[in-house]
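Below is the file coords.pdb, which contains PDB, C-alpha atoms.
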```
ATOM      1  CA  MET A   1     -30.696  30.843   5.440  1.00  0.00           C
ATOM      2  CA  LYS A   2     -31.597  27.370   6.684  1.00  0.00           C
ATOM      3  CA  LYS A   3     -32.519  26.382   3.133  1.00  0.00           C
ATOM      4  CA  LEU A   4     -29.100  27.562   1.903  1.00  0.00           C
ATOM      5  CA  VAL A   5     -27.312  25.539   4.588  1.00  0.00           C
ATOM      6  CA  VAL A   6     -29.312  22.424   3.655  1.00  0.00           C
ATOM      7  CA  LEU A   7     -28.443  22.907  -0.025  1.00  0.00           C
ATOM      8  CA  ILE A   8     -24.752  23.222   0.828  1.00  0.00           C
ATOM      9  CA  PHE A   9     -24.880  19.927   2.728  1.00  0.00           C
ATOM     10  CA  ILE A  10     -26.721  18.250  -0.144  1.00  0.00           C
ATOM     11  CA  PHE A  11     -24.177  19.429  -2.720  1.00  0.00           C
ATOM     12  CA  SER A  12     -21.322  18.369  -0.431  1.00  0.00           C
ATOM     13  CA  ALA A  13     -22.830  14.890  -0.130  1.00  0.00           C
ATOM     14  CA  ILE A  14     -23.266  14.637  -3.901  1.00  0.00           C
ATOM     15  CA  ALA A  15     -19.640  15.727  -4.451  1.00  0.00           C
ATOM     16  CA  ALA A  16     -18.418  13.073  -2.027  1.00  0.00           C
ATOM     17  CA  MET A  17     -20.505  10.385  -3.750  1.00  0.00           C
ATOM     18  CA  ALA A  18     -19.227  11.461  -7.159  1.00  0.00           C
ATOM     19  CA  GLN A  19     -15.588  11.163  -6.177  1.00  0.00           C
ATOM     20  CA  THR A  20     -13.855   8.964  -8.733  1.00  0.00           C
ATOM     21  CA  PRO A  21     -11.712   5.933  -7.812  1.00  0.00           C
ATOM     22  CA  SER A  22      -8.702   7.688  -9.361  1.00  0.00           C
ATOM     23  CA  ALA A  23      -9.254  10.714  -7.128  1.00  0.00           C
ATOM     24  CA  MET A  24      -9.554   8.432  -4.102  1.00  0.00           C
ATOM     25  CA  LEU A  25      -6.166   6.873  -4.881  1.00  0.00           C
ATOM     26  CA  ASP A  26      -4.631  10.346  -5.153  1.00  0.00           C
ATOM     27  CA  LYS A  27      -6.147  11.356  -1.817  1.00  0.00           C
ATOM     28  CA  CYS A  28      -4.696   8.236  -0.194  1.00  0.00           C
ATOM     29  CA  VAL A  29      -1.200   9.036  -1.461  1.00  0.00           C
ATOM     30  CA  ALA A  30      -1.536  12.636  -0.252  1.00  0.00           C
ATOM     31  CA  ALA A  31      -2.670  11.433   3.184  1.00  0.00           C
ATOM     32  CA  ILE A  32       0.332   9.109   3.466  1.00  0.00           C
ATOM     33  CA  ASN A  33       2.814  11.828   2.524  1.00  0.00           C
ATOM     34  CA  ALA A  34       1.286  14.408   4.862  1.00  0.00           C
ATOM     35  CA  HIS A  35       3.423  15.336   7.882  1.00  0.00           C
ATOM     36  CA  GLY A  36       6.560  13.687   6.501  1.00  0.00           C
ATOM     37  CA  GLY A  37       5.338  10.130   5.983  1.00  0.00           C
ATOM     38  CA  VAL A  38       3.571   7.383   7.883  1.00  0.00           C
ATOM     39  CA  THR A  39       4.231   4.125   9.728  1.00  0.00           C
ATOM     40  CA  ALA A  40       1.577   1.431  10.028  1.00  0.00           C
ATOM     41  CA  ASN A  41       1.089  -2.180  11.030  1.00  0.00           C
ATOM     42  CA  TYR A  42       0.041  -4.720   8.417  1.00  0.00           C
ATOM     43  CA  THR A  43      -1.262  -8.265   8.359  1.00  0.00           C
ATOM     44  CA  VAL A  44      -1.061 -10.441   5.235  1.00  0.00           C
ATOM     45  CA  THR A  45      -3.342 -13.485   5.177  1.00  0.00           C
ATOM     46  CA  THR A  46      -3.150 -16.268   2.570  1.00  0.00           C
ATOM     47  CA  SER A  47      -3.956 -19.973   2.494  1.00  0.00           C
ATOM     48  CA  GLN A  48      -0.391 -20.559   3.709  1.00  0.00           C
ATOM     49  CA  GLY A  49      -0.923 -18.568   6.886  1.00  0.00           C
ATOM     50  CA  THR A  50      -0.558 -15.080   8.306  1.00  0.00           C
ATOM     51  CA  SER A  51       2.355 -12.663   8.349  1.00  0.00           C
ATOM     52  CA  LYS A  52       2.568  -9.447  10.351  1.00  0.00           C
ATOM     53  CA  GLY A  53       4.926  -6.501  10.323  1.00  0.00           C
ATOM     54  CA  THR A  54       5.303  -2.749  10.025  1.00  0.00           C
ATOM     55  CA  ILE A  55       5.650  -0.568   6.951  1.00  0.00           C
ATOM     56  CA  THR A  56       6.984   2.986   6.785  1.00  0.00           C
ATOM     57  CA  MET A  57       6.219   5.044   3.684  1.00  0.00           C
ATOM     58  CA  LEU A  58       7.086   8.436   2.232  1.00  0.00           C
ATOM     59  CA  GLY A  59       6.595   9.186  -1.457  1.00  0.00           C
ATOM     60  CA  ASN A  60       7.986   6.221  -3.398  1.00  0.00           C
ATOM     61  CA  LYS A  61      10.237   5.178  -0.496  1.00  0.00           C
ATOM     62  CA  PHE A  62       9.397   2.456   2.002  1.00  0.00           C
ATOM     63  CA  ARG A  63      10.715   0.161   4.713  1.00  0.00           C
ATOM     64  CA  ILE A  64       9.154  -3.163   5.695  1.00  0.00           C
ATOM     65  CA  ILE A  65      10.076  -4.944   8.918  1.00  0.00           C
ATOM     66  CA  SER A  66       8.703  -8.396   9.788  1.00  0.00           C
ATOM     67  CA  PRO A  67       9.982 -11.733  11.149  1.00  0.00           C
ATOM     68  CA  GLU A  68       9.929 -13.143   7.595  1.00  0.00           C
ATOM     69  CA  ALA A  69      11.757 -10.294   5.865  1.00  0.00           C
ATOM     70  CA  LYS A  70      13.263  -6.850   6.131  1.00  0.00           C
ATOM     71  CA  CYS A  71      13.278  -4.513   3.156  1.00  0.00           C
ATOM     72  CA  TRP A  72      14.475  -0.970   2.534  1.00  0.00           C
ATOM     73  CA  TYR A  73      13.846   1.056  -0.630  1.00  0.00           C
ATOM     74  CA  ASP A  74      15.167   4.603  -1.093  1.00  0.00           C
ATOM     75  CA  GLY A  75      13.441   5.325  -4.376  1.00  0.00           C
ATOM     76  CA  LYS A  76      16.067   3.568  -6.508  1.00  0.00           C
ATOM     77  CA  THR A  77      17.910   0.869  -4.587  1.00  0.00           C
ATOM     78  CA  GLN A  78      16.341  -1.944  -2.580  1.00  0.00           C
ATOM     79  CA  TRP A  79      17.977  -3.978   0.185  1.00  0.00           C
ATOM     80  CA  SER A  80      16.193  -7.210   1.102  1.00  0.00           C
ATOM     81  CA  TRP A  81      16.942  -9.677   3.909  1.00  0.00           C
ATOM     82  CA  SER A  82      15.211 -12.892   4.849  1.00  0.00           C
ATOM     83  CA  PRO A  83      16.105 -15.693   7.292  1.00  0.00           C
ATOM     84  CA  ALA A  84      15.673 -18.152   4.406  1.00  0.00           C
ATOM     85  CA  THR A  85      18.632 -16.753   2.451  1.00  0.00           C
ATOM     86  CA  GLU A  86      20.568 -15.404   5.465  1.00  0.00           C
ATOM     87  CA  GLU A  87      21.914 -12.621   3.251  1.00  0.00           C
ATOM     88  CA  VAL A  88      21.073  -9.117   2.129  1.00  0.00           C
ATOM     89  CA  ASN A  89      20.422  -8.723  -1.589  1.00  0.00           C
ATOM     90  CA  ILE A  90      20.848  -5.332  -3.269  1.00  0.00           C
ATOM     91  CA  THR A  91      18.764  -4.691  -6.390  1.00  0.00           C
ATOM     92  CA  ASN A  92      17.284  -1.895  -8.481  1.00  0.00           C
ATOM     93  CA  PRO A  93      13.726  -3.261  -8.730  1.00  0.00           C
ATOM     94  CA  THR A  94      11.463  -2.672 -11.703  1.00  0.00           C
ATOM     95  CA  ALA A  95       8.094  -0.962 -11.374  1.00  0.00           C
ATOM     96  CA  ASP A  96       6.380  -4.359 -11.672  1.00  0.00           C
ATOM     97  CA  GLU A  97       8.510  -5.819  -8.893  1.00  0.00           C
ATOM     98  CA  LEU A  98       7.717  -2.875  -6.621  1.00  0.00           C
ATOM     99  CA  GLN A  99       3.984  -3.535  -6.944  1.00  0.00           C
ATOM    100  CA  MET A 100       4.493  -6.730  -4.967  1.00  0.00           C
ATOM    101  CA  THR A 101       6.280  -5.071  -2.050  1.00  0.00           C
ATOM    102  CA  ASN A 102       4.991  -1.522  -1.713  1.00  0.00           C
ATOM    103  CA  PRO A 103       1.217  -0.915  -1.818  1.00  0.00           C
ATOM    104  CA  MET A 104       1.678   2.769  -2.610  1.00  0.00           C
ATOM    105  CA  ALA A 105       4.164   2.213  -5.418  1.00  0.00           C
ATOM    106  CA  ALA A 106       1.400   0.451  -7.312  1.00  0.00           C
ATOM    107  CA  VAL A 107      -0.924   3.450  -7.554  1.00  0.00           C
ATOM    108  CA  SER A 108       0.197   4.763 -10.943  1.00  0.00           C
ATOM    109  CA  HIS A 109       0.159   1.233 -12.360  1.00  0.00           C
ATOM    110  CA  LEU A 110      -3.312   0.619 -11.002  1.00  0.00           C
ATOM    111  CA  LYS A 111      -4.542   3.596 -12.980  1.00  0.00           C
ATOM    112  CA  ALA A 112      -2.812   2.467 -16.158  1.00  0.00           C
ATOM    113  CA  ASP A 113      -3.283  -1.302 -15.994  1.00  0.00           C
ATOM    114  CA  PHE A 114      -6.659  -1.776 -14.309  1.00  0.00           C
ATOM    115  CA  ASN A 115     -10.250  -0.827 -14.959  1.00  0.00           C
ATOM    116  CA  MET A 116     -11.576   0.786 -11.795  1.00  0.00           C
ATOM    117  CA  LYS A 117     -15.052   1.401 -10.499  1.00  0.00           C
ATOM    118  CA  ARG A 118     -16.555   2.284  -7.170  1.00  0.00           C
ATOM    119  CA  ALA A 119     -18.287  -0.624  -5.432  1.00  0.00           C
ATOM    120  CA  LYS A 120     -20.956  -0.619  -2.766  1.00  0.00           C
ATOM    121  CA  ALA A 121     -19.580  -0.566   0.767  1.00  0.00           C
ATOM    122  CA  LYS A 122     -21.037  -2.882   3.406  1.00  0.00           C
ATOM    123  CA  THR A 123     -19.736  -0.767   6.288  1.00  0.00           C
ATOM    124  CA  PRO A 124     -20.197   2.983   6.880  1.00  0.00           C
ATOM    125  CA  LYS A 125     -17.453   5.515   6.107  1.00  0.00           C
ATOM    126  CA  THR A 126     -15.806   3.062   3.705  1.00  0.00           C
ATOM    127  CA  TYR A 127     -14.928   3.765   0.075  1.00  0.00           C
ATOM    128  CA  VAL A 128     -14.536   0.584  -1.996  1.00  0.00           C
ATOM    129  CA  ILE A 129     -12.829   0.297  -5.375  1.00  0.00           C
ATOM    130  CA  LYS A 130     -13.112  -2.806  -7.551  1.00  0.00           C
ATOM    131  CA  LEU A 131     -10.234  -3.258 -10.005  1.00  0.00           C
ATOM    132  CA  THR A 132      -9.942  -5.713 -12.877  1.00  0.00           C
ATOM    133  CA  PRO A 133      -6.838  -6.011 -15.069  1.00  0.00           C
ATOM    134  CA  LYS A 134      -7.031  -4.661 -18.629  1.00  0.00           C
ATOM    135  CA  LYS A 135      -4.619  -7.340 -19.855  1.00  0.00           C
ATOM    136  CA  LYS A 136      -3.908 -10.962 -18.972  1.00  0.00           C
ATOM    137  CA  ASP A 137      -2.819 -11.096 -15.346  1.00  0.00           C
ATOM    138  CA  ASN A 138      -2.603 -13.513 -12.430  1.00  0.00           C
ATOM    139  CA  ILE A 139      -4.930 -11.183 -10.534  1.00  0.00           C
ATOM    140  CA  LYS A 140      -8.618 -11.729 -11.286  1.00  0.00           C
ATOM    141  CA  THR A 141     -10.006  -8.947  -9.091  1.00  0.00           C
ATOM    142  CA  LEU A 142      -8.457  -6.502  -6.640  1.00  0.00           C
ATOM    143  CA  TRP A 143     -10.612  -4.858  -4.003  1.00  0.00           C
ATOM    144  CA  LEU A 144      -9.388  -1.765  -2.139  1.00  0.00           C
ATOM    145  CA  TYR A 145     -11.126  -0.503   1.000  1.00  0.00           C
ATOM    146  CA  PHE A 146     -10.429   3.058   2.175  1.00  0.00           C
ATOM    147  CA  ASP A 147     -11.394   4.970   5.297  1.00  0.00           C
ATOM    148  CA  GLU A 148     -13.465   7.871   3.943  1.00  0.00           C
ATOM    149  CA  THR A 149     -12.571  10.049   6.936  1.00  0.00           C
ATOM    150  CA  THR A 150      -8.779   9.761   6.599  1.00  0.00           C
ATOM    151  CA  SER A 151      -8.525   8.601   2.931  1.00  0.00           C
ATOM    152  CA  LEU A 152      -6.092   5.899   4.101  1.00  0.00           C
ATOM    153  CA  LEU A 153      -6.146   2.318   2.827  1.00  0.00           C
ATOM    154  CA  ARG A 154      -7.575  -0.187   5.292  1.00  0.00           C
ATOM    155  CA  THR A 155      -7.621  -3.408   3.278  1.00  0.00           C
ATOM    156  CA  ALA A 156      -6.480  -4.774  -0.084  1.00  0.00           C
ATOM    157  CA  ARG A 157      -7.969  -8.095  -1.189  1.00  0.00           C
ATOM    158  CA  PHE A 158      -6.354  -9.902  -4.125  1.00  0.00           C
ATOM    159  CA  GLU A 159      -8.490 -12.575  -5.790  1.00  0.00           C
ATOM    160  CA  MET A 160      -6.256 -14.599  -8.098  1.00  0.00           C
ATOM    161  CA  LYS A 161      -7.008 -16.554 -11.271  1.00  0.00           C
ATOM    162  CA  ASP A 162      -6.141 -19.811  -9.475  1.00  0.00           C
ATOM    163  CA  LYS A 163      -8.911 -18.951  -6.929  1.00  0.00           C
ATOM    164  CA  SER A 164      -6.433 -18.210  -4.152  1.00  0.00           C
ATOM    165  CA  VAL A 165      -6.950 -15.080  -2.077  1.00  0.00           C
ATOM    166  CA  CYS A 166      -4.472 -12.727  -0.413  1.00  0.00           C
ATOM    167  CA  THR A 167      -5.740 -10.137   2.038  1.00  0.00           C
ATOM    168  CA  VAL A 168      -3.605  -7.248   3.324  1.00  0.00           C
ATOM    169  CA  ARG A 169      -4.946  -5.273   6.280  1.00  0.00           C
ATOM    170  CA  ILE A 170      -3.274  -2.034   7.352  1.00  0.00           C
ATOM    171  CA  SER A 171      -3.898  -0.449  10.748  1.00  0.00           C
ATOM    172  CA  ASP A 172      -2.524   1.889  13.420  1.00  0.00           C
ATOM    173  CA  TYR A 173      -1.312   4.596  11.061  1.00  0.00           C
ATOM    174  CA  LYS A 174       1.075   7.036  12.718  1.00  0.00           C
ATOM    175  CA  HIS A 175       2.285  10.163  10.917  1.00  0.00           C
ATOM    176  CA  GLY A 176       5.740  11.575  11.569  1.00  0.00           C
ATOM    177  CA  SER A 177       8.750  12.977   9.765  1.00  0.00           C
ATOM    178  CA  GLN A 178      10.990  10.213   8.402  1.00  0.00           C
ATOM    179  CA  PRO A 179      14.733  10.862   7.859  1.00  0.00           C
ATOM    180  CA  ALA A 180      16.321   9.592   4.634  1.00  0.00           C
ATOM    181  CA  SER A 181      18.227   6.934   6.614  1.00  0.00           C
ATOM    182  CA  THR A 182      14.913   5.201   7.402  1.00  0.00           C
ATOM    183  CA  PHE A 183      14.805   3.920   3.832  1.00  0.00           C
ATOM    184  CA  THR A 184      18.404   2.714   3.471  1.00  0.00           C
ATOM    185  CA  PHE A 185      19.912  -0.529   4.732  1.00  0.00           C
ATOM    186  CA  ASN A 186      20.611  -0.626   8.478  1.00  0.00           C
ATOM    187  CA  LYS A 187      23.044  -3.449   9.262  1.00  0.00           C
ATOM    188  CA  SER A 188      22.159  -3.330  12.964  1.00  0.00           C
ATOM    189  CA  MET A 189      18.725  -4.722  12.063  1.00  0.00           C
ATOM    190  CA  VAL A 190      20.089  -7.995  10.627  1.00  0.00           C
ATOM    191  CA  PRO A 191      22.322 -10.652  12.241  1.00  0.00           C
ATOM    192  CA  ALA A 192      25.990  -9.735  12.609  1.00  0.00           C
ATOM    193  CA  ARG A 193      28.286 -10.675   9.695  1.00  0.00           C
ATOM    194  CA  THR A 194      25.332 -11.180   7.332  1.00  0.00           C
ATOM    195  CA  PRO A 195      26.723 -11.233   3.779  1.00  0.00           C
ATOM    196  CA  VAL A 196      25.613  -8.411   1.474  1.00  0.00           C
ATOM    197  CA  VAL A 197      25.229  -9.480  -2.163  1.00  0.00           C
ATOM    198  CA  ASP A 198      25.002  -6.794  -4.863  1.00  0.00           C
ATOM    199  CA  LEU A 199      22.751  -8.125  -7.656  1.00  0.00           C
ATOM    200  CA  ARG A 200      22.483  -4.886  -9.634  1.00  0.00           C
TER     201      ARG A 200
END
```

Represent the structure from my file as structure tokens, please.
Amino acid sequence: MKKLVVLIFIFSAIAAMAQTPSAMLDKCVAAINAHGGVTANYTVTTSQGTSKGTITMLGNKFRIISPEAKCWYDGKTQWSWSPATEEVNITNPTADELQMTNPMAAVSHLKADFNMKRAKAKTPKTYVIKLTPKKKDNIKTLWLYFDETTSLLRTARFEMKDKSVCTVRISDYKHGSQPASTFTFNKSMVPARTPVVDLR
């Protein structure tokens, strides 16, 4: 009996090690959509400085709130506000444009446009994927770091062709049901009388 239990643990460990990067991406998406969506804090670090905010996600919908920008996307239409423009722009973004704003919207494109392989993790309980573009791209290498316990993304590190680096860290995940209104423009979250410009 003890021998059987040991064998089960061994096979379980082998199965976990054999998990493909594609399967890991799918598990991450499933973890985000569990319990009606998720809200998390993020920090983006580049050579220009650091930006912090919160992101709420459910399926292909998201909302980003930060001092530098506010963005709502309901699966088709996107509303974007920034203090630089002092207006809300309405667009129907392309799949490529969404990759730059929503980490989870990029998953299907990662599978199609990047070569993926599992990389060695330097910290325990971390699953690392190294991605390199199949075609000419500004991204040289993309590294994704997942929590093996929760399957949620911890860090995305973009190494660009011009040698610049952008690191996105995601923390404090909180699951909870998100109403549809979460992902549509809320005028109370921008300054009063902000102009709304429809660019569709």

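For the structure shown here, the set of residues caught by the PyMOL selection byres ((chain A and resi 157) around 8) is Leu142, Trp143, Leu144, Thr155, Ala156, Phe158, Glu159, Val165, Cys166, Thr167 and Val168 of chain A.
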
Practice task
Write out as a list in words each polymer residue whose atoms come within 10 Å of Leu131 (chain A), counting all atoms listed in the file; drop sequence neighbours fewer than 3 positions from it.
Solution key: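 Here the answer would be Pro21, Leu110, Lys111, Asp113, Phe114, Asn115, Met116, Lys117, Arg118, Ala119, Val128, Lys134, Ile139, Lys140, Thr141, Leu142, Trp143, Leu144 and Phe158 of chain A.
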
Practice task
Given the file shown, enumerate the residues that the PyMOL selection byres ((chain A and resi 84) around 12) captures and present them as a list of chain:residue names.
Solution key: A:Pro67, A:Glu68, A:Ala69, A:Lys70, A:Ser80, A:Trp81, A:Ser82, A:Pro83, A:Thr85, A:Glu86, A:Glu87, A:Val88

Practice task
Tell me, as a PyMOL selection string, which residues lie within 8 Å of Thr56 (chain A), counting all atoms listed in the file; anything in the same chain fewer than 3 positions away does not count.
Solution key: chain A and resi 37-40+62-64

Handout entry: Shell around Met189 (chain A) at 10 Å using all atoms listed in the file, local window under 2 positions removed, as a ChimeraX atom specification
Key = /A:65,70,81,185-187,191-192

Exercise for the section: Quick one: apply the PyMOL selection byres ((chain A and resi 51) around 9) to the file and drop the selected residues here as a PyMOL selection string. Expected result: chain A and resi 42-46+49-50+52-53+66-68

Practice task
Select, from A:Lys76, A:Lys174, A:Lys136, A:Arg193, the residue with the minimum atom-to-atom distance to Ala31 (chain A), counting only C-alpha atoms.
Solution key: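 Among the listed residues, A:Lys174 lies closest to Ala31 (chain A).
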